[in-house]
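Reviewing the structure listed below.
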Amino acid sequence: MDADEVLTTRFSAIKIGEPGPSDDVLATALQAGARAPDHGMLRPWKFIVVRGPALDRLGDAFARALKIREPGTTADELERAKQKVFRAPVNIVVAATVEPDHPKIPEIEQVVSAGAAAQNITLSLHAQGFGCRWRTGVAAYDATVKAALGLKAHDHIVGFLYVGTALSVTPEHTRADHRRFTEVWSTAAPAST
Ligand SMILES: Cc1cc2nc3c(=O)[nH]c(=O)nc-3n(C[C@H](O)[C@H](O)[C@H](O)COP(=O)(O)O)c2cc1C
C-alpha cells in the first residue's frame, strides 16, 4: 500500500483475533509512534505493550479499579471487566506523560502529541496488515489503572489500542466526506455583501 492508500483506507476493527503482530511489526509501529510531532521535543509519550500472560495483569487492574469505583460490583461483573482486555491478542496502552506546568508547551499540546503517536501506531499496523481498535472508556481515566501501569495521576491514557487480525470492520458506507468539515479561504478579505 502506498501512503495515500494507507491513510484513506484506515479502519477500526470491530472484532479482532489471532494472530497478533510479530515483534518486528510492533517495533515498526512503535517507531512510527515515536515519529509523532512534538512541540518542544518533550517526548511526552509512553507506549506500554501488553500481551500474552501480561493481559491478565491489565485485566486485573481494570477489575480492581471497577471494584474501587463501585464497591457493590458483583464477582461476575468484575470478571467481565477483566475479560475485556482479552478482546485482542495485544494491547498497546498509549499515554501522554505530561509536564502540566511546562513554561512554554501547554498540556493540551502534549496530549495531542500523544494522540498523534497513537494514530501513527494504528496507521503503521494497518499498513502492515494488522487490525486495531482505539478504545478508552472509564478505565482510561482511572487512577488505579494509571498506577498499575506505572503512570502518574496527572498523566493521560489517550488510548488502549487493541491489536491483532481484523475479523470484522467498520462499514465503508459510514465514511465521511472531507467537504463536510472543510472551508477553503483563498481571498485576502471576505467578499463584501
Ligand atoms: C480517543 C478515542 C477513544 C475511543 N474510545 C472508544 C471506545 O472506548 N470504544 C469504542 O468502541 N470506540 C472508541 N473509539 C472509536 C473507535 O476507535 C473507532 O474510531 C470508531 O468506532 C469509528 O471507526 P473507524 O475508526 O473505522 O472510523 C475511540 C476513538 C478515539 C479517537
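To be explicit about the labels: the chains of the C-alpha cells are called A, B, and onward in the order shown, and within each one the residues are counted from 1, while ligands get numbers from 1 in the order they are shown.
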* Show me which residues sit within 8 Å of ligand 1 when counting only C-alpha atoms and all ligand atoms, and put them as a PyMOL selection string. => chain A and resi 10-14+115+133-137+158-159+169-171+174-175
Just C-alpha atoms for this one: save the residues we selected as a PDB file, in the first residue's frame.
```pdb
ATOM      1  CA  ARG A  10      -7.597   3.009   7.662  1.00  0.00           C
ATOM      2  CA  PHE A  11     -10.404   1.468   9.636  1.00  0.00           C
ATOM      3  CA  SER A  12     -11.076   0.249  13.137  1.00  0.00           C
ATOM      4  CA  ALA A  13     -11.507  -3.444  13.540  1.00  0.00           C
ATOM      5  CA  ILE A  14     -14.719  -4.321  15.334  1.00  0.00           C
ATOM      6  CA  GLY A 115      -2.794  11.248  20.252  1.00  0.00           C
ATOM      7  CA  ARG A 133      -9.265  -0.563  17.627  1.00  0.00           C
ATOM      8  CA  TRP A 134      -8.617   2.521  19.711  1.00  0.00           C
ATOM      9  CA  ARG A 135     -10.612   2.427  22.933  1.00  0.00           C
ATOM     10  CA  THR A 136     -10.740   4.450  26.100  1.00  0.00           C
ATOM     11  CA  GLY A 137     -13.704   4.037  28.470  1.00  0.00           C
ATOM     12  CA  VAL A 158      -5.060   8.558  25.414  1.00  0.00           C
ATOM     13  CA  GLY A 159      -5.938   5.075  24.285  1.00  0.00           C
ATOM     14  CA  VAL A 169     -14.535  -3.861  10.176  1.00  0.00           C
ATOM     15  CA  THR A 170     -16.461  -0.590  10.278  1.00  0.00           C
ATOM     16  CA  PRO A 171     -18.773  -0.484   7.215  1.00  0.00           C
ATOM     17  CA  THR A 174     -20.286   5.256   7.234  1.00  0.00           C
ATOM     18  CA  ARG A 175     -17.257   7.135   5.909  1.00  0.00           C
TER      19      ARG A 175
END
```
For the interface of stretch 52-108 of chain A with stretch 32-44 of chain A (cut-off 12 Å, counting only C-alpha atoms), please tabulate each contacting residue of stretch 52-108 of chain A alongside its nearest pair of atoms and their separation in Å to one decimal, rows sorted by chain and increasing number, as CSV.
```
residue,atom,partner,partner_atom,distance
A:Ile92,CA,A:Gly33,CA,11.1
A:Val93,CA,A:Gly33,CA,11.8
A:Val94,CA,A:Gly33,CA,9.3
A:Ala95,CA,A:Pro44,CA,8.1
A:Ala96,CA,A:Pro44,CA,5.4
A:Thr97,CA,A:Pro44,CA,4.8
A:Val98,CA,A:Pro44,CA,5.5
A:Glu99,CA,A:Pro44,CA,7.9
A:Pro100,CA,A:Pro44,CA,10.7
A:His102,CA,A:Leu42,CA,9.8
A:Pro103,CA,A:Gly40,CA,10.8
A:Lys104,CA,A:Gly40,CA,8.1
A:Ile105,CA,A:His39,CA,6.8
A:Pro106,CA,A:His39,CA,9.4
A:Glu107,CA,A:Pro44,CA,9.7
A:Ile108,CA,A:His39,CA,10.8
```
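Minimum atom-to-atom distances from A:Gln128, A:Thr144, A:Ala63, A:Val90 to A:Glu77 were compared using only C-alpha atoms, and the lowest value belongs to A:Ala63.
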* **Given only C-alpha atoms as the counted atoms, nearest of A:Gly129, A:Pro190, A:Pro89, A:Gly59 to A:Val145** => A:Gly59
* To do: From the DSSP assignment of the backbone, select every residue of stretch 20-125 of chain A that is helix (DSSP H, G or I), and format the answer as a ChimeraX atom specification.
  => /A:23-33,39-41,54-69,75-87,107-125
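Take the candidates A:Ala114, A:Val85, A:Leu123, A:Val50 and check each one against A:Ala3 using only C-alpha atoms; the shortest distance goes to A:Leu123.
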* Would you please work out which residue, of A:Val25, A:Ala188, A:Val6, A:Val163, is nearest to A:Gly131 when using only C-alpha atoms? => A:Val163
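Here atom CA of A:Ala65 and atom CA of A:Ala166 stand 28.7 Å from one another.
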